[in-house]
file entry21.txt (compact mmCIF, C-alpha atoms and all ligand atoms)
# COMPACT_ATOMS: atom_id res chain seq x y z
CA MET A 1 54.74 -52.57 41.29
CA LYS A 2 53.48 -54.04 38.03
CA THR A 3 55.69 -53.61 34.99
CA ALA A 4 55.51 -53.55 31.20
CA ILE A 5 58.70 -54.36 29.32
CA LEU A 6 59.33 -52.60 26.03
CA ASN A 7 60.47 -54.28 22.87
CA LYS A 8 64.20 -53.81 22.24
CA GLY A 9 65.03 -50.30 21.02
CA LYS A 10 61.55 -48.88 21.70
CA GLU A 11 62.68 -46.92 24.75
CA THR A 12 63.96 -43.93 22.72
CA LYS A 13 60.42 -43.06 21.66
CA TYR A 14 59.21 -42.99 25.26
CA LEU A 15 62.35 -41.33 26.66
CA ASN A 16 61.69 -38.60 24.08
CA GLY A 17 58.30 -37.98 25.63
CA TYR A 18 55.74 -39.96 23.60
CA PRO A 19 52.83 -40.19 26.06
CA LEU A 20 50.65 -43.04 24.69
CA ILE A 21 51.96 -46.49 25.63
CA GLU A 22 51.27 -48.54 22.53
CA GLU A 23 50.38 -52.18 22.69
CA ALA A 24 52.68 -52.98 19.73
CA ASP A 25 55.74 -51.67 21.62
CA ILE A 26 55.26 -53.95 24.62
CA PHE A 27 57.27 -57.16 24.78
CA GLN A 28 55.88 -58.46 28.02
CA GLN A 29 53.39 -57.31 30.61
CA GLY A 30 52.34 -58.77 33.89
CA ALA A 31 48.55 -59.15 33.70
CA LEU A 32 47.83 -55.44 33.51
CA GLN A 33 44.26 -54.40 34.17
CA SER A 34 42.39 -51.15 33.70
CA GLY A 35 43.42 -48.65 36.34
CA ASP A 36 46.70 -50.36 37.28
CA ILE A 37 49.73 -48.16 37.84
CA PHE A 38 52.84 -49.68 36.30
CA HIS A 39 56.46 -48.99 35.48
CA LEU A 40 57.46 -49.01 31.85
CA LYS A 41 60.92 -50.59 31.54
CA THR A 42 63.52 -51.25 28.86
CA ALA A 43 64.35 -54.76 27.71
CA GLN A 44 67.33 -54.51 30.10
CA GLY A 45 65.04 -53.64 33.00
CA ALA A 46 65.82 -49.94 33.35
CA TYR A 47 62.99 -47.64 34.43
CA VAL A 48 61.55 -45.39 31.69
CA ALA A 49 58.25 -44.02 32.98
CA THR A 50 55.25 -44.57 35.24
CA GLY A 51 51.92 -45.10 33.51
CA TYR A 52 48.35 -46.15 34.13
CA VAL A 53 46.38 -48.74 32.22
CA GLY A 54 43.50 -47.28 30.21
CA PHE A 55 42.71 -48.62 26.75
CA GLN A 56 42.39 -45.86 24.18
CA HIS A 57 43.34 -45.70 20.51
CA LYS A 58 46.28 -48.07 19.99
CA GLY A 59 47.39 -47.64 23.58
CA ILE A 60 47.22 -49.73 26.69
CA GLY A 61 47.61 -46.58 28.74
CA TRP A 62 49.25 -43.21 29.23
CA VAL A 63 52.50 -42.03 30.81
CA LEU A 64 51.91 -40.05 34.00
CA SER A 65 55.45 -39.45 35.26
CA TYR A 66 59.12 -39.89 34.47
CA ASP A 67 60.13 -40.09 38.13
CA GLU A 68 60.21 -43.52 39.69
CA THR A 69 59.40 -42.14 43.13
CA THR A 70 56.16 -40.38 42.08
CA GLU A 71 53.07 -41.66 43.89
CA ILE A 72 49.89 -41.47 41.82
CA ASP A 73 47.49 -40.15 44.43
CA GLU A 74 45.20 -37.20 45.11
CA ALA A 75 48.16 -34.86 45.64
CA PHE A 76 49.62 -35.88 42.27
CA PHE A 77 46.35 -35.06 40.48
CA GLU A 78 45.98 -31.85 42.45
CA SER A 79 49.34 -30.53 41.32
CA LEU A 80 48.60 -31.22 37.63
CA LEU A 81 45.16 -29.61 37.91
CA MET A 82 46.67 -26.60 39.64
CA SER A 83 49.19 -26.06 36.82
CA ALA A 84 46.40 -26.42 34.28
CA ARG A 85 44.34 -23.85 36.13
CA GLN A 86 47.23 -21.38 36.26
CA GLU A 87 47.73 -21.76 32.53
CA ARG A 88 44.06 -20.79 31.99
CA ASP A 89 44.40 -17.60 33.99
CA TYR A 90 43.81 -15.57 30.81
CA TYR A 91 40.43 -17.21 30.22
CA TYR A 92 39.32 -16.53 33.78
CA HIS A 93 39.96 -12.84 33.30
CA ILE A 94 38.72 -11.94 29.83
CA ASP A 95 35.40 -10.22 29.24
CA GLY A 96 32.69 -11.83 27.16
CA THR A 97 33.75 -15.47 27.57
CA ASN A 98 32.84 -17.79 30.42
CA ALA A 99 33.25 -21.22 28.82
CA PHE A 100 36.59 -22.89 28.13
CA ARG A 101 38.55 -26.08 28.67
CA LEU A 102 40.25 -26.41 32.05
CA PHE A 103 42.14 -29.63 31.50
CA ASN A 104 42.98 -31.24 28.17
CA GLY A 105 44.06 -34.85 28.59
CA GLU A 106 47.65 -35.70 27.68
CA GLY A 107 48.31 -32.03 26.88
CA ASP A 108 47.95 -31.30 30.59
CA GLY A 109 49.58 -34.53 31.74
CA ILE A 110 46.76 -37.08 32.04
CA GLY A 111 45.63 -38.78 28.86
CA GLY A 112 41.99 -39.82 28.96
CA LEU A 113 40.65 -36.98 31.11
CA THR A 114 39.18 -33.64 30.10
CA ILE A 115 37.45 -30.99 32.19
CA ASP A 116 35.44 -28.11 30.72
CA ASN A 117 34.06 -25.02 32.39
CA TYR A 118 30.63 -23.88 31.22
CA ASN A 119 29.88 -20.70 33.16
CA ASN A 120 31.06 -22.34 36.39
CA HIS A 121 29.37 -25.68 35.71
CA LEU A 122 32.15 -28.22 35.19
CA LEU A 123 31.99 -31.21 32.87
CA ILE A 124 34.42 -34.09 33.41
CA GLN A 125 34.86 -36.55 30.54
CA TRP A 126 36.35 -40.00 31.22
CA TYR A 127 37.76 -41.63 28.10
CA SER A 128 38.50 -45.10 29.50
CA GLU A 129 37.50 -47.41 32.28
CA GLY A 130 41.10 -47.12 33.47
CA ILE A 131 41.04 -43.38 34.12
CA TYR A 132 37.60 -43.73 35.70
CA THR A 133 39.10 -45.97 38.43
CA PHE A 134 40.87 -42.83 39.72
CA ARG A 135 37.55 -41.00 39.99
CA ASN A 136 37.61 -40.48 43.76
CA ASP A 137 41.09 -38.97 43.87
CA ILE A 138 40.53 -36.88 40.75
CA LEU A 139 37.17 -35.58 41.98
CA ALA A 140 38.62 -34.63 45.35
CA ALA A 141 41.43 -32.79 43.57
CA ILE A 142 39.02 -31.00 41.22
CA MET A 143 36.92 -29.82 44.14
CA LYS A 144 40.03 -28.36 45.81
CA VAL A 145 41.50 -26.67 42.74
CA PHE A 146 38.55 -25.25 40.79
CA ASP A 147 35.66 -22.98 41.71
CA TYR A 148 32.34 -24.39 40.55
CA THR A 149 28.59 -24.21 40.98
CA SER A 150 28.06 -27.80 39.89
CA ILE A 151 30.01 -30.76 38.47
CA TYR A 152 28.77 -33.19 35.78
CA GLU A 153 30.49 -36.16 34.15
CA LYS A 154 30.27 -38.13 30.90
CA MET A 155 31.60 -41.60 30.12
CA ARG A 156 33.32 -41.49 26.76
CA PHE A 157 34.23 -45.20 26.60
CA LYS A 158 32.24 -48.08 25.17
CA ASP A 159 30.65 -50.82 27.26
CA SER A 160 30.22 -48.51 30.21
CA ASP A 161 27.25 -49.55 32.31
CA ILE A 162 27.79 -46.51 34.50
CA ASP A 163 25.60 -43.53 33.67
CA GLY A 164 27.19 -40.11 33.66
CA GLY A 165 25.37 -37.04 34.86
CA PHE A 166 25.20 -34.96 37.99
CA VAL A 167 28.06 -35.36 40.46
CA THR A 168 27.89 -32.59 43.03
CA GLY A 169 27.05 -28.94 43.72
CA GLU A 170 23.91 -26.99 42.88
CA ALA A 171 22.22 -28.62 39.88
CA PRO A 172 21.12 -25.98 37.38
CA GLU A 173 18.12 -26.20 35.08
CA PHE A 174 19.18 -27.01 31.55
CA PRO A 175 19.83 -25.46 29.17
CA ILE A 176 22.26 -23.15 30.91
CA VAL A 177 23.49 -20.16 28.93
CA ILE A 178 27.19 -19.64 28.31
CA GLU A 179 28.89 -16.63 26.79
CA GLU A 180 31.74 -16.79 24.31
CA ASN A 181 33.17 -13.75 22.56
CA PHE A 182 30.10 -11.77 23.64
CA THR A 183 27.75 -14.30 22.02
CA PHE A 184 25.34 -16.51 23.96
CA TYR A 185 24.71 -20.24 23.51
CA ASN A 186 22.54 -22.84 25.22
CA VAL A 187 24.34 -25.78 26.79
CA HIS A 188 23.10 -29.14 28.10
CA LEU A 189 25.51 -31.12 30.24
CA ASP A 190 23.18 -34.01 30.84
CA ASP A 191 21.76 -34.92 27.42
CA GLY A 192 23.74 -37.33 25.23
CA PRO A 193 27.38 -37.09 24.23
CA MET A 194 27.31 -33.51 22.91
CA THR A 195 26.67 -30.32 24.90
CA GLY A 196 25.36 -27.94 22.23
CA ILE A 197 28.63 -26.15 21.61
CA PHE A 198 32.11 -27.27 20.59
CA LEU A 199 34.44 -25.13 22.66
CA ASP A 200 37.45 -25.94 20.48
CA GLN A 201 36.04 -23.79 17.63
CA LYS A 202 35.83 -20.56 19.63
CA GLU A 203 38.60 -18.75 17.75
CA VAL A 204 37.28 -19.94 14.40
CA ARG A 205 33.84 -18.57 15.29
CA LYS A 206 35.39 -15.24 16.23
CA LYS A 207 37.44 -15.14 13.02
CA ILE A 208 34.30 -15.78 10.95
CA ARG A 209 32.43 -12.98 12.72
CA ASP A 210 35.30 -10.49 12.49
CA TYR A 211 36.48 -11.12 8.92
CA TYR A 212 34.10 -13.29 6.91
CA SER A 213 30.56 -12.18 7.80
CA SER A 214 30.15 -8.46 7.21
CA GLU A 215 27.90 -7.83 4.19
CA ARG A 216 28.13 -11.49 3.28
CA ARG A 217 25.61 -14.25 2.83
CA VAL A 218 26.85 -17.09 5.01
CA LEU A 219 26.03 -20.78 4.52
CA ASN A 220 26.70 -23.10 7.47
CA LEU A 221 26.71 -26.81 6.56
CA PHE A 222 26.44 -29.48 9.28
CA SER A 223 25.24 -26.63 11.44
CA TYR A 224 24.12 -28.60 14.57
CA THR A 225 22.96 -25.88 17.02
CA GLY A 226 23.91 -23.13 14.59
CA ALA A 227 26.92 -21.84 16.52
CA PHE A 228 28.69 -20.57 13.39
CA SER A 229 25.45 -19.08 12.04
CA VAL A 230 24.64 -17.26 15.26
CA ILE A 231 28.02 -15.55 15.55
CA ALA A 232 28.01 -14.72 11.81
CA ALA A 233 24.48 -13.31 11.97
CA HIS A 234 25.67 -10.36 14.06
CA GLU A 235 27.36 -9.03 10.91
CA ALA A 236 26.06 -11.00 7.93
CA THR A 237 23.42 -10.00 5.39
CA GLN A 238 21.82 -13.37 6.08
CA THR A 239 22.75 -16.83 7.32
CA THR A 240 21.56 -20.26 6.17
CA SER A 241 21.99 -23.32 8.39
CA VAL A 242 21.75 -26.89 7.08
CA ASP A 243 21.65 -30.01 9.24
CA LEU A 244 20.08 -33.41 8.87
CA ALA A 245 18.89 -33.71 12.45
CA ASN A 246 15.40 -32.49 13.39
CA ARG A 247 16.62 -31.28 16.75
CA SER A 248 18.92 -28.80 15.04
CA ARG A 249 15.95 -26.55 14.23
CA PRO A 250 14.70 -25.69 17.73
CA MET A 251 18.24 -25.60 19.12
CA THR A 252 19.39 -23.18 16.43
CA GLU A 253 16.30 -20.99 16.78
CA GLU A 254 16.83 -20.78 20.53
CA ASN A 255 20.47 -19.76 20.06
CA PHE A 256 19.40 -16.98 17.67
CA GLY A 257 16.80 -15.87 20.21
CA LEU A 258 19.37 -15.70 23.01
CA ASN A 259 21.29 -13.19 20.90
CA ALA A 260 18.28 -11.05 20.06
CA ILE A 261 18.25 -12.21 16.45
CA ASP A 262 14.81 -13.13 15.13
CA PRO A 263 15.19 -16.69 13.78
CA LYS A 264 12.60 -15.88 11.10
CA THR A 265 15.11 -13.53 9.48
CA GLN A 266 17.55 -16.43 8.98
CA ALA A 267 17.21 -19.55 6.80
CA LEU A 268 17.29 -23.04 8.27
CA PHE A 269 17.00 -26.37 6.44
CA VAL A 270 16.70 -29.78 8.03
CA MET A 271 18.25 -31.60 5.08
CA ASP A 272 21.14 -33.74 3.94
CA THR A 273 24.04 -31.53 2.82
CA PHE A 274 24.29 -33.18 -0.59
CA ASP A 275 20.56 -32.73 -1.16
CA TYR A 276 20.95 -29.09 -0.18
CA PHE A 277 23.60 -28.60 -2.85
CA LYS A 278 21.03 -29.63 -5.46
CA TYR A 279 18.24 -27.60 -3.84
CA ALA A 280 20.36 -24.43 -3.72
CA GLN A 281 21.42 -24.80 -7.36
CA ARG A 282 17.81 -25.28 -8.46
CA HIS A 283 16.85 -22.11 -6.60
CA ASN A 284 19.91 -20.09 -7.64
CA LEU A 285 21.00 -19.54 -4.06
CA THR A 286 24.56 -18.31 -3.67
CA TYR A 287 26.80 -17.37 -0.76
CA ASP A 288 29.92 -15.39 0.06
CA THR A 289 31.11 -17.56 2.93
CA ILE A 290 30.45 -21.30 3.20
CA VAL A 291 31.41 -23.09 6.41
CA ILE A 292 31.83 -26.86 6.14
CA ASP A 293 32.36 -28.66 9.45
CA PRO A 294 31.22 -32.26 9.04
CA PRO A 295 31.43 -35.17 11.46
CA SER A 296 34.34 -37.55 10.71
CA PHE A 297 31.90 -40.32 9.79
CA ALA A 298 28.21 -40.19 9.01
CA ARG A 299 25.60 -42.45 7.53
CA ASN A 300 22.44 -41.31 5.79
CA LYS A 301 20.07 -43.30 3.56
CA LYS A 302 22.54 -46.17 3.19
CA LYS A 303 25.20 -43.69 2.10
CA THR A 304 28.26 -43.39 4.27
CA PHE A 305 30.42 -40.33 4.45
CA SER A 306 34.01 -40.34 5.67
CA VAL A 307 36.03 -37.13 5.85
CA THR A 308 39.26 -38.80 4.81
CA LYS A 309 37.66 -40.18 1.62
CA ASP A 310 34.84 -37.80 0.75
CA TYR A 311 35.79 -34.27 1.77
CA ASP A 312 36.52 -33.39 -1.86
CA LYS A 313 32.86 -34.07 -2.71
CA LEU A 314 31.82 -31.43 -0.19
CA ILE A 315 34.13 -28.89 -1.81
CA GLU A 316 32.88 -29.83 -5.28
CA GLY A 317 29.28 -29.54 -4.13
CA ALA A 318 29.81 -26.19 -2.41
CA LEU A 319 31.73 -24.40 -5.17
CA PRO A 320 28.77 -23.85 -7.53
CA LEU A 321 27.07 -22.02 -4.65
CA LEU A 322 30.04 -19.78 -3.90
CA ASN A 323 30.10 -16.24 -5.29
CA ALA A 324 33.20 -14.74 -6.91
CA LYS A 325 35.79 -13.83 -4.23
CA GLY A 326 33.85 -15.98 -1.77
CA THR A 327 35.43 -17.94 1.08
CA LEU A 328 35.24 -21.60 2.01
CA VAL A 329 35.88 -22.39 5.68
CA LEU A 330 36.94 -26.04 5.61
CA SER A 331 37.10 -27.77 8.96
CA THR A 332 37.80 -31.28 10.21
CA ASN A 333 38.37 -32.65 13.68
CA HIS A 334 39.55 -36.07 12.52
CA SER A 335 42.73 -36.82 14.51
CA MET A 336 44.04 -39.26 11.90
CA TYR A 337 43.70 -36.80 9.01
CA PRO A 338 46.94 -34.79 9.17
CA LEU A 339 46.92 -31.11 8.16
CA LYS A 340 49.34 -31.85 5.30
CA ALA A 341 47.00 -34.41 3.74
CA PHE A 342 43.96 -32.19 4.33
CA LYS A 343 45.64 -29.23 2.60
CA LYS A 344 46.81 -31.43 -0.25
CA MET A 345 43.25 -32.66 -0.83
CA ILE A 346 41.97 -29.06 -0.82
CA LYS A 347 44.61 -27.87 -3.28
CA GLU A 348 44.14 -30.82 -5.63
CA THR A 349 40.36 -30.51 -5.61
CA LEU A 350 40.43 -26.78 -6.35
CA SER A 351 43.15 -27.10 -9.01
CA GLU A 352 41.32 -29.89 -10.82
CA LEU A 353 38.29 -27.64 -11.01
CA GLY A 354 40.49 -24.88 -12.42
CA MET A 355 39.87 -22.48 -9.54
CA ALA A 356 42.27 -19.68 -8.69
CA TYR A 357 42.38 -19.29 -4.93
CA ARG A 358 44.35 -18.10 -1.94
CA ILE A 359 44.68 -19.78 1.45
CA ASP A 360 43.93 -17.00 3.95
CA GLU A 361 44.26 -18.81 7.23
CA VAL A 362 45.01 -22.18 8.73
CA MET A 363 43.64 -22.44 12.24
CA GLY A 364 43.93 -25.09 14.92
CA LEU A 365 43.05 -25.53 18.56
CA PRO A 366 42.84 -22.59 20.96
CA LYS A 367 45.28 -22.34 23.89
CA ASP A 368 42.93 -23.87 26.45
CA PHE A 369 42.99 -27.09 24.39
CA LYS A 370 46.63 -27.57 25.31
CA THR A 371 48.27 -30.19 23.13
CA HIS A 372 51.17 -32.56 23.76
CA PRO A 373 54.34 -31.65 21.84
CA HIS A 374 55.22 -35.30 21.17
CA TYR A 375 51.77 -36.59 20.29
CA LYS A 376 50.49 -35.37 16.93
CA PRO A 377 46.88 -36.63 17.13
CA SER A 378 46.29 -34.23 19.99
CA LYS A 379 46.29 -31.40 17.41
CA TYR A 380 43.15 -32.81 15.82
CA LEU A 381 41.42 -29.60 14.72
CA LYS A 382 42.30 -28.17 11.31
CA VAL A 383 40.43 -25.28 9.73
CA VAL A 384 41.53 -23.91 6.36
CA PHE A 385 40.10 -20.64 4.99
CA VAL A 386 40.22 -20.51 1.20
CA THR A 387 39.19 -17.43 -0.80
CA LEU A 388 38.54 -17.52 -4.54
CA LEU A 389 40.48 -15.09 -6.71
CA ASP A 390 39.10 -13.36 -9.78
N1 LIG A 401 29.47 -27.48 12.84
C1 LIG A 401 28.81 -27.78 14.09
C2 LIG A 401 29.11 -29.14 14.59
C3 LIG A 401 28.74 -30.24 13.66
S1 LIG A 401 28.36 -31.74 14.48
C4 LIG A 401 29.18 -26.74 15.15
O1 LIG A 401 30.06 -25.92 14.92
O2 LIG A 401 28.59 -26.75 16.21
C5 LIG A 401 27.87 -32.69 13.12
C6 LIG A 401 26.47 -32.40 12.63
O3 LIG A 401 26.35 -32.94 11.31
C7 LIG A 401 25.36 -33.06 13.45
O4 LIG A 401 24.50 -32.06 13.92
C8 LIG A 401 24.65 -33.98 12.44
O5 LIG A 401 23.24 -34.00 12.59
C9 LIG A 401 25.02 -33.36 11.12
N2 LIG A 401 25.01 -34.25 9.95
C10 LIG A 401 25.52 -35.49 9.83
N3 LIG A 401 25.39 -35.95 8.57
C11 LIG A 401 24.80 -34.95 7.86
C12 LIG A 401 24.43 -34.81 6.48
N4 LIG A 401 24.62 -35.79 5.60
N5 LIG A 401 23.88 -33.65 6.10
C13 LIG A 401 23.66 -32.65 6.97
N6 LIG A 401 24.00 -32.73 8.30
C14 LIG A 401 24.56 -33.86 8.73

call {"tool": "encode", "arguments": {"input": "entry21.txt", "output": "structure tokens"}}
result
Amino acid sequence: MKTAILNKGKETKYLNGYPLIEEADIFQQGALQSGDIFHLKTAQGAYVATGYVGFQHKGIGWVLSYDETTEIDEAFFESLLMSARQERDYYYHIDGTNAFRLFNGEGDGIGGLTIDNYNNHLLIQWYSEGIYTFRNDILAAIMKVFDYTSIYEKMRFKDSDIDGGFVTGEAPEFPIVIEENFTFYNVHLDDGPMTGIFLDQKEVRKKIRDYYSSERRVLNLFSYTGAFSVIAAHEATQTTSVDLANRSRPMTEENFGLNAIDPKTQALFVMDTFDYFKYAQRHNLTYDTIVIDPPSFARNKKKTFSVTKDYDKLIEGALPLLNAKGTLVLSTNHSMYPLKAFKKMIKETLSELGMAYRIDEVMGLPKDFKTHPHYKPSKYLKVVFVTLLD
């Protein structure tokens, strides 16, 4: 068995359950390669944990077990998948939703692996070459544990010369249609890194429909396929979607169509968000709810945008368009932007502008995106609802 020896004193962190084995904590390692199983040991040589090598973030791999006798084989993966499935029992039995996450990386015991269910079509995502070396065992386990019509996979690591795509089952024609909270969305499992819908926002979408749409004009910035607009449009006076990418237009229109909403009744701009701020001000357009869900990094016309540095500019740009008593829905999925810092930025930005406001809600990941109690970055999603006071 290969080993990695920890720096003196570093064992406490891992004995307390930290799942990512960080390069900086390792004193000595015996030529570890992607996909190797190894024992993590103290400087004195005592066993701490069993891990696999898969390079991700600052880690050389992830802990899989705290029992020296555990074999990492198909049966091992099967038992973790089975527990994950049992924990999703609720999602298998609710009405109006047929898409959710089945297995969420380290939260379910295997960092680097996620599995999503899109109306019985499964999508496996491999986040390192290391986890991909277990593909055969993991696939066999998935096929035993989960029901499915088809299985697809995506490589989420750089330098992969392996293409993802269809794995097994009955290949559907894309887009397939999924249902979430009684709303329909198109999904592609075989077209670039994104699928058309971010399943981690399902409760935020529902919250917006139930509490922040009725009789409101809703602006959705960085709208992508319009998921927030479509669910809001059930209740809203009108929705406006803004995204830089040309493809956002047909994808958004199709999602409206799936829900029997005529896209012509809704506004859609293929435009940079900051340009839209100016456009809307020139045309005196105002809103009651503004959803801001940007990518963590983006580049447009030589300008770069980074959520950790520039989120305040989005709030400053949006406020002139927000009606009295209006709500900002401020979202970020940046794992290295902690909730505390995000809230501080929001409060400082609003206070500097002299706004009186109330924080209505702070939302995070839904239950199917199970997080790891000792690994903070796994709680990457933060959504803060701020309502202006008179
Ligand atoms: N809010 C979306 C997901 C956003 S994904 C949802 O809930 O589904 C990020 C989107 O931001 C992409 O569609 C991308 O085209 C868009 N984008 C990136 N930079 C932008 C900019 N400067 N202005 C407008 N849209 C931008």

call {"tool": "residues_around", "arguments": {"input": "entry21.txt", "residues": "Lys382 of chain A", "least_positions_apart": "3", "cutoff": "6 Å", "atoms": "all atoms listed in the file", "output": "JSON, numbers by chain"}}
result
{"A": [331, 332, 363, 364]}

call {"tool": "closest_residue", "arguments": {"input": "entry21.txt", "among": "A:Phe76, A:Phe269, A:Tyr375, A:Phe198", "to": "ligand LIG 401 (chain A)", "atoms": "only C-alpha atoms and all ligand atoms"}}
result
A:Phe198

call {"tool": "closest_residue", "arguments": {"input": "entry21.txt", "among": "A:Ser248, A:Thr273, A:Ser150, A:Thr183", "to": "Leu221 of chain A", "atoms": "only C-alpha atoms"}}
result
A:Thr273

call {"tool": "closest_atom_pairs", "arguments": {"input": "entry21.txt", "of": "chain A", "to": "ligand LIG 401 (chain A)", "cutoff": "6 Å", "atoms": "only C-alpha atoms and all ligand atoms", "output": "Markdown table"}}
result
| residue | atom | partner | partner_atom | distance |
| --- | --- | --- | --- | --- |
| A:Ile197 | CA | A:LIG401 | O2 | 5.4 |
| A:Phe198 | CA | A:LIG401 | O2 | 5.6 |
| A:Phe222 | CA | A:LIG401 | O3 | 4.0 |
| A:Ser223 | CA | A:LIG401 | N1 | 4.5 |
| A:Tyr224 | CA | A:LIG401 | O4 | 3.5 |
| A:Thr225 | CA | A:LIG401 | O2 | 5.8 |
| A:Ala227 | CA | A:LIG401 | O2 | 5.2 |
| A:Phe228 | CA | A:LIG401 | O1 | 5.7 |
| A:Asp243 | CA | A:LIG401 | N6 | 3.7 |
| A:Leu244 | CA | A:LIG401 | N6 | 4.0 |
| A:Ala245 | CA | A:LIG401 | O5 | 4.4 |
| A:Met271 | CA | A:LIG401 | C13 | 5.8 |
| A:Asp272 | CA | A:LIG401 | N5 | 3.5 |
| A:Thr273 | CA | A:LIG401 | N5 | 3.9 |
| A:Asp293 | CA | A:LIG401 | N1 | 4.6 |
| A:Pro294 | CA | A:LIG401 | C5 | 5.3 |
| A:Pro295 | CA | A:LIG401 | C5 | 4.6 |
| A:Ala298 | CA | A:LIG401 | N3 | 5.1 |
| A:Asn300 | CA | A:LIG401 | N4 | 5.9 |

call {"tool": "write_last_selection", "arguments": {"input": "entry21.txt", "atoms": "C-alpha atoms", "output": "compact mmCIF listing (two decimals), keeping the file's coordinate frame"}}
result
# COMPACT_ATOMS: atom_id res chain seq x y z
CA ILE A 197 28.63 -26.15 21.61
CA PHE A 198 32.11 -27.27 20.59
CA PHE A 222 26.44 -29.48 9.28
CA SER A 223 25.24 -26.63 11.44
CA TYR A 224 24.12 -28.60 14.57
CA THR A 225 22.96 -25.88 17.02
CA ALA A 227 26.92 -21.84 16.52
CA PHE A 228 28.69 -20.57 13.39
CA ASP A 243 21.65 -30.01 9.24
CA LEU A 244 20.08 -33.41 8.87
CA ALA A 245 18.89 -33.71 12.45
CA MET A 271 18.25 -31.60 5.08
CA ASP A 272 21.14 -33.74 3.94
CA THR A 273 24.04 -31.53 2.82
CA ASP A 293 32.36 -28.66 9.45
CA PRO A 294 31.22 -32.26 9.04
CA PRO A 295 31.43 -35.17 11.46
CA ALA A 298 28.21 -40.19 9.01
CA ASN A 300 22.44 -41.31 5.79

call {"tool": "closest_residue", "arguments": {"input": "entry21.txt", "among": "A:Glu87, A:Asp390, A:Glu153, A:Glu180", "to": "Val167 of chain A", "atoms": "all atoms listed in the file"}}
result
A:Glu153

call {"tool": "atom_distance", "arguments": {"input": "entry21.txt", "atom1": "atom CA of Asn119 of chain A", "atom2": "atom CA of Asp161 of chain A"}}
result
29.0 Å

call {"tool": "closest_residue", "arguments": {"input": "entry21.txt", "among": "A:Asp108, A:Asp191, A:Glu74, A:Asp89", "to": "Ser378 of chain A", "atoms": "all atoms listed in the file"}}
result
A:Asp108

call {"tool": "residues_near_point", "arguments": {"input": "entry21.txt", "point": "(32.0, -25.7, 5.9)", "cutoff": "7 Å", "atoms": "all atoms listed in the file", "output": "JSON, numbers by chain"}}
result
{"A": [220, 221, 290, 291, 292, 293, 328, 329, 330, 331]}

call {"tool": "closest_residue", "arguments": {"input": "entry21.txt", "among": "A:Phe27, A:Tyr279, A:Tyr91, A:Tyr132", "to": "Asp116 of chain A", "atoms": "all atoms listed in the file"}}
result
A:Tyr91

call {"tool": "closest_residue", "arguments": {"input": "entry21.txt", "among": "A:Leu219, A:Leu81, A:Phe134, A:Phe297", "to": "Leu285 of chain A", "atoms": "only C-alpha atoms"}}
result
A:Leu219

call {"tool": "residues_around", "arguments": {"input": "entry21.txt", "residues": "Ile178 of chain A", "least_positions_apart": "3", "cutoff": "7 Å", "atoms": "all atoms listed in the file", "output": "ChimeraX atom specification"}}
result
/A:98-99,118-119,184-187

call {"tool": "residues_around", "arguments": {"input": "entry21.txt", "residues": "Val48 of chain A", "least_positions_apart": "6", "cutoff": "10 Å", "atoms": "only C-alpha atoms", "output": "list of chain:residue names"}}
result
A:Ile5, A:Leu6, A:Glu11, A:Thr12, A:Tyr14, A:Leu15, A:His39, A:Leu40, A:Lys41, A:Thr42, A:Val63, A:Ser65, A:Tyr66, A:Asp67, A:Glu68

call {"tool": "residues_around", "arguments": {"input": "entry21.txt", "residues": "segment 28-35 of chain A", "least_positions_apart": "3", "cutoff": "8 Å", "atoms": "only C-alpha atoms", "output": "MDAnalysis selection string"}}
result
chainID A and resid 2:6 52:55 129:134

call {"tool": "atom_distance", "arguments": {"input": "entry21.txt", "atom1": "atom CA of Ile231 of chain A", "atom2": "atom CA of Asn333 of chain A"}}
result
20.1 Å

call {"tool": "residues_around", "arguments": {"input": "entry21.txt", "residues": "Tyr211 of chain A", "least_positions_apart": "4", "cutoff": "10 Å", "atoms": "only C-alpha atoms", "output": "MDAnalysis selection string"}}
result
chainID A and resid 206:207 232 235

call {"tool": "write_last_selection", "arguments": {"input": "entry21.txt", "atoms": "C-alpha atoms", "output": "mmCIF file, keeping the file's coordinate frame"}}
result
data_model
loop_
_atom_site.group_PDB
_atom_site.id
_atom_site.type_symbol
_atom_site.label_atom_id
_atom_site.label_comp_id
_atom_site.auth_asym_id
_atom_site.auth_seq_id
_atom_site.Cartn_x
_atom_site.Cartn_y
_atom_site.Cartn_z
ATOM 1 C CA LYS A 206 35.390 -15.240 16.230
ATOM 2 C CA LYS A 207 37.440 -15.140 13.020
ATOM 3 C CA ALA A 232 28.010 -14.720 11.810
ATOM 4 C CA GLU A 235 27.360 -9.030 10.910
#

call {"tool": "atom_distance", "arguments": {"input": "entry21.txt", "atom1": "atom CA of Asn120 of chain A", "atom2": "atom CA of Phe100 of chain A"}}
result
10.0 Å

call {"tool": "axis_aligned_box", "arguments": {"input": "entry21.txt", "around": "segment 16-25 of chain A", "padding_each_side": "5 Å", "output": "AutoDock Vina command-line options"}}
result
--center_x 56.0 --center_y -45.5 --center_z 22.9 --size_x 21.3 --size_y 25.0 --size_z 16.3

call {"tool": "residues_near_point", "arguments": {"input": "entry21.txt", "point": "(27.8, -21.5, -7.1)", "cutoff": "9 Å", "atoms": "only C-alpha atoms", "output": "MDAnalysis selection string"}}
result
chainID A and resid 280:281 284:287 317:324
